[in-house]
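Novice: First, the structure itself, so that you have it in front of you.
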Amino acid sequence: MIKVSVIGATGYAGVELIRLLVLHPDVKLSCLTSKTYAGQKIQEVYPHLNGLLDHELQEQNDEEIGAVSDVVFLALPHGHAVSTAQKICQAGKKVIDLGADLRFRDTDIYEEWYHVKHENPALSQEAVYGLPEINRGKIKEAQAVGNPGCYPTSAILAMYPLIKEGLIDLNTIIVDSKSGISGAGRNAVITSLYGESAENLKAYNVGKHRHTPEIEQALGEAAGKEVLISFTPHLIPMTRGILTTAYATLNQEGAVRNLHDLYQSYYQDEYFVRLHQPGIWPQTKWVTGTNFCDLGLMADPRTNRVIVTAVIDNLVKGAAGQAVQNMNILFNLPEKAGLEQVPLYP
């Protein structure tokens with residue numbers, strides 16, 4: 001059994017990790033920490049876990065956690081993970097950071113967009129960006145994994161085959177995303193109040209969302225050159241789910257390729273990426289509660305643009321589920337272990 005600890009267990013990503021890990025056949029939960037609720041039982045904070053586990057939430061002690069864990073999940077706000085990740089790695093254990101601190105190879109970009117000084121650029125450069133569908137081989141050998149953000153997961157999987165094959169004009173990429181309210185976290189902020197978000201749809205952080213450079217980093221590595229995108233996120237009044245629609249202008253080769261067959265060739269062996277038949281456009285309900293990313297696409301001959309839609313559950317494939325998928329890869333377990341949930345519908 002793999003001994004697993006979760007630091008930051010009472011945020012939405014942390015408790016989603018617990019939901020997935022508590023029934024994982026190869027996992028034993030060792031330590032759950034919470035700055036706010038230390039000393040309480042996890043089921044007192046989240047009564048839906050009553051009868052499923054009986055762990056008391058602890059104060060964070062990196063040395064003690066490293067001693068009782070094989071892998072540690074960090075579900076902390078950005079700027080708080082690096083020192084802990086360093087200690088866990090020094091103890092010879094694996095670490096998966098669900099925040100942004102280990103996602104960037106160039107920490108100057110991280111500091112520019114997150115306005116936080118990065119404490120260990122070398123660790124960030126050593127960490128592997130944990131999108132399994134494009135980095136599986138590197139993840140297998142990693143000690144530290146930077147788990148991707150939710151918007152980037154949907155956007156990268158949507159555009160990766162086109163960019164890898166050089167079928168689009170890289171100067172024309174537009175990413176339009178809608179996210180459920182849980183993506184804003186559990187903190188009590190005005191924009192997350194029911195009266196502010198219900199029956200409402202809004203764009204936010206237009207032109208300056210922090211996930212922009214993360215998407216650009218992955219797409220740039222696929223292209224072998226710098227890629228800049230226009231990314232606009234929106235908040236939509238539902239709890240879970242992201243729907244991303246990405247657009248780009250096809251180049252001469254792309255205009256004559258069978259794009260559905262291309263995507264099928266890239267993702268046919270990827271259990272968690274489901275490509276729908278032409279004319280079928282995926283919906284967020286089709287992936288709720290699961291680690292699936294569903295894709296639909298078409299080439300529009302009238303505008304010579306390709307349109308790709310991706311849907312994920314932002315708390316699963318966009319956070320905790322992908323982290324568990326990375327853990328399975330790190331420990332040479334079946335990649336689906338603990339992640340074979342059937343989507344909730346309706």
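Lettering and numbering for the structure tokens are positional, with chains as A, B, ... in the shown order, residues counted from 1 in each chain, and ligands counted from 1 in the shown order.
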Might you pull out every residue within 9 Å of Gly66 of chain A, with only C-alpha atoms counted and same-chain residues fewer than 6 positions away left off, and present them as a list in words?
Specialist: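 Near neighbours after the sequence-gap exclusion: Ser5, Val72, Lys87, Ile88, Cys89, Ala91, Gly92 and Lys93 of chain A.
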Novice: List every residue of segment 195-283 of chain A that DSSP, applied to the backbone of this structure, places in strand (DSSP E), and write the result as a PyMOL selection string.
Specialist: chain A and resi 202-203+230-235+242-249+273-275
Novice: Output all heavy atoms of each residue in that selection to a file, as a CSV table (one decimal), in the first residue's frame.
Specialist:
```csv
chain,number,residue,atom,x,y,z
A,202,LYS,N,-20.2,36.0,-16.5
A,202,LYS,CA,-19.3,37.1,-16.7
A,202,LYS,C,-17.9,36.6,-17.1
A,202,LYS,O,-17.5,35.6,-16.7
A,202,LYS,CB,-19.3,37.9,-15.4
A,202,LYS,CG,-18.6,37.2,-14.2
A,202,LYS,CD,-18.4,38.2,-13.0
A,202,LYS,CE,-17.6,37.5,-11.9
A,202,LYS,NZ,-17.4,38.4,-10.8
A,203,ALA,N,-17.3,37.5,-17.8
A,203,ALA,CA,-15.8,37.3,-18.1
A,203,ALA,C,-15.1,37.9,-17.0
A,203,ALA,O,-15.5,38.9,-16.3
A,203,ALA,CB,-15.5,38.0,-19.4
A,230,SER,N,-4.8,34.3,-27.1
A,230,SER,CA,-5.8,35.2,-26.4
A,230,SER,C,-6.7,34.3,-25.6
A,230,SER,O,-7.3,33.3,-26.1
A,230,SER,CB,-6.7,35.9,-27.5
A,230,SER,OG,-5.9,36.9,-28.2
A,231,PHE,N,-6.7,34.5,-24.3
A,231,PHE,CA,-7.5,33.6,-23.4
A,231,PHE,C,-8.4,34.4,-22.5
A,231,PHE,O,-8.0,35.4,-21.9
A,231,PHE,CB,-6.5,32.8,-22.5
A,231,PHE,CG,-7.2,32.1,-21.3
A,231,PHE,CD1,-8.2,31.2,-21.6
A,231,PHE,CD2,-6.8,32.2,-20.0
A,231,PHE,CE1,-8.8,30.5,-20.6
A,231,PHE,CE2,-7.4,31.5,-19.0
A,231,PHE,CZ,-8.4,30.6,-19.3
A,232,THR,N,-9.7,34.0,-22.6
A,232,THR,CA,-10.7,34.7,-21.8
A,232,THR,C,-11.5,33.7,-21.0
A,232,THR,O,-12.2,32.9,-21.6
A,232,THR,CB,-11.7,35.5,-22.7
A,232,THR,OG1,-10.9,36.5,-23.5
A,232,THR,CG2,-12.7,36.3,-21.8
A,233,PRO,N,-11.4,33.7,-19.7
A,233,PRO,CA,-12.2,32.9,-18.8
A,233,PRO,C,-13.5,33.5,-18.4
A,233,PRO,O,-13.6,34.8,-18.4
A,233,PRO,CB,-11.3,32.6,-17.6
A,233,PRO,CG,-10.6,33.9,-17.5
A,233,PRO,CD,-10.4,34.5,-18.9
A,234,HIS,N,-14.5,32.7,-18.2
A,234,HIS,CA,-15.8,33.2,-17.7
A,234,HIS,C,-16.3,32.4,-16.5
A,234,HIS,O,-16.0,31.2,-16.4
A,234,HIS,CB,-16.9,33.1,-18.8
A,234,HIS,CG,-16.5,33.7,-20.1
A,234,HIS,ND1,-15.6,33.2,-21.0
A,234,HIS,CD2,-17.0,34.9,-20.7
A,234,HIS,CE1,-15.5,34.0,-22.0
A,234,HIS,NE2,-16.3,35.0,-21.9
A,235,LEU,N,-17.0,33.0,-15.6
A,235,LEU,CA,-17.6,32.3,-14.5
A,235,LEU,C,-19.1,32.1,-14.8
A,235,LEU,O,-19.9,33.0,-15.2
A,235,LEU,CB,-17.5,33.2,-13.2
A,235,LEU,CG,-17.9,32.5,-11.9
A,235,LEU,CD1,-17.0,31.4,-11.6
A,235,LEU,CD2,-17.9,33.6,-10.8
A,242,ILE,N,-15.9,22.7,-16.6
A,242,ILE,CA,-15.3,23.6,-17.5
A,242,ILE,C,-15.6,23.2,-19.0
A,242,ILE,O,-15.5,22.1,-19.3
A,242,ILE,CB,-13.8,23.7,-17.4
A,242,ILE,CG1,-13.4,24.5,-16.1
A,242,ILE,CG2,-13.1,24.4,-18.6
A,242,ILE,CD1,-11.9,24.5,-15.8
A,243,LEU,N,-16.1,24.2,-19.7
A,243,LEU,CA,-16.2,24.0,-21.2
A,243,LEU,C,-15.3,25.1,-21.8
A,243,LEU,O,-15.4,26.3,-21.6
A,243,LEU,CB,-17.6,24.2,-21.6
A,243,LEU,CG,-17.9,23.9,-23.1
A,243,LEU,CD1,-19.3,23.4,-23.3
A,243,LEU,CD2,-17.7,25.1,-24.0
A,244,THR,N,-14.3,24.6,-22.6
A,244,THR,CA,-13.4,25.4,-23.3
A,244,THR,C,-13.6,25.2,-24.8
A,244,THR,O,-13.7,24.1,-25.3
A,244,THR,CB,-11.9,25.0,-23.0
A,244,THR,OG1,-11.6,25.4,-21.7
A,244,THR,CG2,-10.9,25.6,-24.0
A,245,THR,N,-13.7,26.3,-25.5
A,245,THR,CA,-13.8,26.3,-27.0
A,245,THR,C,-12.6,27.1,-27.5
A,245,THR,O,-12.4,28.2,-27.2
A,245,THR,CB,-15.1,26.9,-27.5
A,245,THR,OG1,-16.2,26.3,-26.9
A,245,THR,CG2,-15.2,26.8,-29.0
A,246,ALA,N,-11.8,26.4,-28.3
A,246,ALA,CA,-10.5,26.9,-28.9
A,246,ALA,C,-10.7,27.1,-30.4
A,246,ALA,O,-11.3,26.2,-31.0
A,246,ALA,CB,-9.3,26.1,-28.5
A,247,TYR,N,-10.2,28.2,-30.9
A,247,TYR,CA,-10.2,28.5,-32.3
A,247,TYR,C,-8.9,28.8,-32.8
A,247,TYR,O,-8.0,29.4,-32.1
A,247,TYR,CB,-11.1,29.7,-32.5
A,247,TYR,CG,-12.5,29.7,-31.9
A,247,TYR,CD1,-12.6,30.1,-30.6
A,247,TYR,CD2,-13.6,29.4,-32.6
A,247,TYR,CE1,-13.9,30.1,-30.0
A,247,TYR,CE2,-14.9,29.4,-32.1
A,247,TYR,CZ,-15.0,29.8,-30.7
A,247,TYR,OH,-16.3,29.8,-30.2
A,248,ALA,N,-8.6,28.5,-34.1
A,248,ALA,CA,-7.4,28.9,-34.8
A,248,ALA,C,-7.6,28.8,-36.3
A,248,ALA,O,-8.5,28.0,-36.8
A,248,ALA,CB,-6.2,28.0,-34.4
A,249,THR,N,-6.8,29.5,-37.1
A,249,THR,CA,-6.9,29.5,-38.5
A,249,THR,C,-6.0,28.4,-39.0
A,249,THR,O,-4.9,28.2,-38.6
A,249,THR,CB,-6.5,30.8,-39.1
A,249,THR,OG1,-7.3,31.9,-38.7
A,249,THR,CG2,-6.5,30.8,-40.6
A,273,VAL,N,-9.3,10.6,-22.4
A,273,VAL,CA,-9.7,11.5,-23.4
A,273,VAL,C,-10.6,10.8,-24.3
A,273,VAL,O,-10.3,9.8,-25.0
A,273,VAL,CB,-8.4,12.0,-24.2
A,273,VAL,CG1,-8.9,13.0,-25.3
A,273,VAL,CG2,-7.5,12.7,-23.2
A,274,ARG,N,-11.8,11.3,-24.4
A,274,ARG,CA,-12.9,10.7,-25.2
A,274,ARG,C,-13.2,11.7,-26.4
A,274,ARG,O,-13.8,12.8,-26.2
A,274,ARG,CB,-14.1,10.4,-24.4
A,274,ARG,CG,-13.8,9.6,-23.2
A,274,ARG,CD,-15.1,9.0,-22.5
A,274,ARG,NE,-15.9,10.1,-22.0
A,274,ARG,CZ,-17.0,9.9,-21.3
A,274,ARG,NH1,-17.4,8.7,-21.0
A,274,ARG,NH2,-17.8,10.9,-20.9
A,275,LEU,N,-12.9,11.2,-27.6
A,275,LEU,CA,-13.2,12.0,-28.8
A,275,LEU,C,-14.6,11.6,-29.3
A,275,LEU,O,-14.9,10.4,-29.6
A,275,LEU,CB,-12.2,11.8,-29.8
A,275,LEU,CG,-12.3,12.5,-31.2
A,275,LEU,CD1,-12.3,14.0,-31.0
A,275,LEU,CD2,-11.3,12.0,-32.2
```
Novice: Considering only C-alpha atoms, can you say which of A:Pro334, A:Pro152, A:Pro278, A:Gly180 comes closest to Pro213 of chain A?
Specialist: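 Residue with the minimum atom-to-atom distance to Pro213 of chain A: A:Pro152.
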Novice: Write out as a ChimeraX atom specification each polymer residue whose atoms come within 8 Å of Thr107 of chain A, counting only C-alpha atoms; drop sequence neighbours fewer than 2 positions from it.
Specialist: /A:104-105,109-111,118,121,124
Novice: If we count only C-alpha atoms, what is near Lys164 of chain A at a cut-off of 6 Å, once residues fewer than 2 positions away on the same chain are taken out, given as a PDB file with N, CA, C and O atoms, in the first residue's frame?
Specialist:
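Result file is out-v5.pdb:
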```pdb
ATOM      1  N   TYR A 160      -3.404  20.493 -28.693  1.00  0.00           N
ATOM      2  CA  TYR A 160      -2.095  19.852 -28.814  1.00  0.00           C
ATOM      3  C   TYR A 160      -1.873  19.147 -30.156  1.00  0.00           C
ATOM      4  O   TYR A 160      -0.831  19.368 -30.804  1.00  0.00           O
ATOM      5  N   PRO A 161      -2.792  18.303 -30.641  1.00  0.00           N
ATOM      6  CA  PRO A 161      -2.506  17.626 -31.919  1.00  0.00           C
ATOM      7  C   PRO A 161      -2.312  18.588 -33.080  1.00  0.00           C
ATOM      8  O   PRO A 161      -1.446  18.370 -33.945  1.00  0.00           O
ATOM      9  N   LEU A 162      -3.100  19.654 -33.124  1.00  0.00           N
ATOM     10  CA  LEU A 162      -2.983  20.633 -34.206  1.00  0.00           C
ATOM     11  C   LEU A 162      -1.621  21.306 -34.206  1.00  0.00           C
ATOM     12  O   LEU A 162      -0.998  21.502 -35.258  1.00  0.00           O
ATOM     13  N   GLY A 166       1.690  20.972 -36.725  1.00  0.00           N
ATOM     14  CA  GLY A 166       1.939  22.192 -37.488  1.00  0.00           C
ATOM     15  C   GLY A 166       0.838  22.533 -38.471  1.00  0.00           C
ATOM     16  O   GLY A 166       1.113  22.954 -39.599  1.00  0.00           O
ATOM     17  N   ALA A 222       5.223  22.205 -27.594  1.00  0.00           N
ATOM     18  CA  ALA A 222       4.739  21.352 -28.685  1.00  0.00           C
ATOM     19  C   ALA A 222       5.128  21.916 -30.045  1.00  0.00           C
ATOM     20  O   ALA A 222       5.466  21.169 -30.970  1.00  0.00           O
ATOM     21  N   ALA A 223       5.096  23.247 -30.172  1.00  0.00           N
ATOM     22  CA  ALA A 223       5.399  23.893 -31.450  1.00  0.00           C
ATOM     23  C   ALA A 223       6.892  24.036 -31.691  1.00  0.00           C
ATOM     24  O   ALA A 223       7.323  24.208 -32.832  1.00  0.00           O
TER      25      ALA A 223
END
```
Novice: Have a look at A:Asn314, A:Gly137, A:Ala155, A:Gly185 and name the one nearest to Gln217 of chain A; count only C-alpha atoms.
Specialist: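 Nearest to Gln217 of chain A: A:Ala155.
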Novice: Nearest to Thr172 of chain A: which of A:Met1, A:Asn251, A:Lys336, A:Phe272 is it, counting only C-alpha atoms?
Specialist: A:Asn251
Novice: For a quick check of understanding, using only C-alpha atoms, which of A:Arg305, A:Arg103, A:Arg240, A:Lys3 has the smallest distance to Lys178 of chain A?
Specialist: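 With only C-alpha atoms as the atom set, the closest residue is A:Arg240.
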Novice: Neighbours of Gly39 of chain A within 9 Å (only C-alpha atoms; same-chain residues fewer than 6 positions away dropped), as a list in words?
Specialist: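 That gives Glu56, Leu57, Gln58 and Glu59 of chain A.
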Novice: Identify all residues of segment 209-269 of chain A in helix (DSSP H, G or I) (DSSP on the backbone) and supply them as a PyMOL selection string.
Specialist: chain A and resi 212-223+252-256+259-267
Novice: Closest to Gly130 of chain A among A:Val324, A:Ile168, A:Leu344, A:Val308, using only C-alpha atoms?
Specialist: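 Among the listed residues, A:Val324 lies closest to Gly130 of chain A.
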Novice: Once you count only C-alpha atoms, what closest atom pair and distance in Å to one decimal does each residue of segment 190-241 of chain A within 12 Å of segment 284-300 of chain A have, with rows by chain and rising residue number, as a tab-separated table?
Specialist:
```
residue	atom	partner	partner_atom	distance
A:Ile236	CA	A:Thr284	CA	11.7
A:Met238	CA	A:Thr284	CA	10.1
A:Thr239	CA	A:Thr288	CA	10.1
A:Arg240	CA	A:Thr288	CA	7.1
A:Gly241	CA	A:Thr284	CA	5.5
```
Novice: Record the distance separating atom CA of Leu339 of chain A and atom CA of His24 of chain A, expressed in Å with one decimal.
Specialist: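 We find that atom CA of Leu339 of chain A and atom CA of His24 of chain A lie 8.1 Å from each other.
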Novice: Identify which of the residues A:Arg186, A:His276, A:His55, A:Lys225 lies closest to Leu32 of chain A, counting only C-alpha atoms when measuring atom-to-atom distances.
Specialist: A:His55
Novice: Could you jot down the atom CA of Ala255 of chain A to atom CA of Asn304 of chain A separation for me, Å, one decimal place?
Specialist: 6.9 Å
Novice: Quick one, how far is atom CA of Asp97 of chain A from atom CA of Pro237 of chain A?
Specialist: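 Straight-line distance from atom CA of Asp97 of chain A to atom CA of Pro237 of chain A works out to 27.7 Å.
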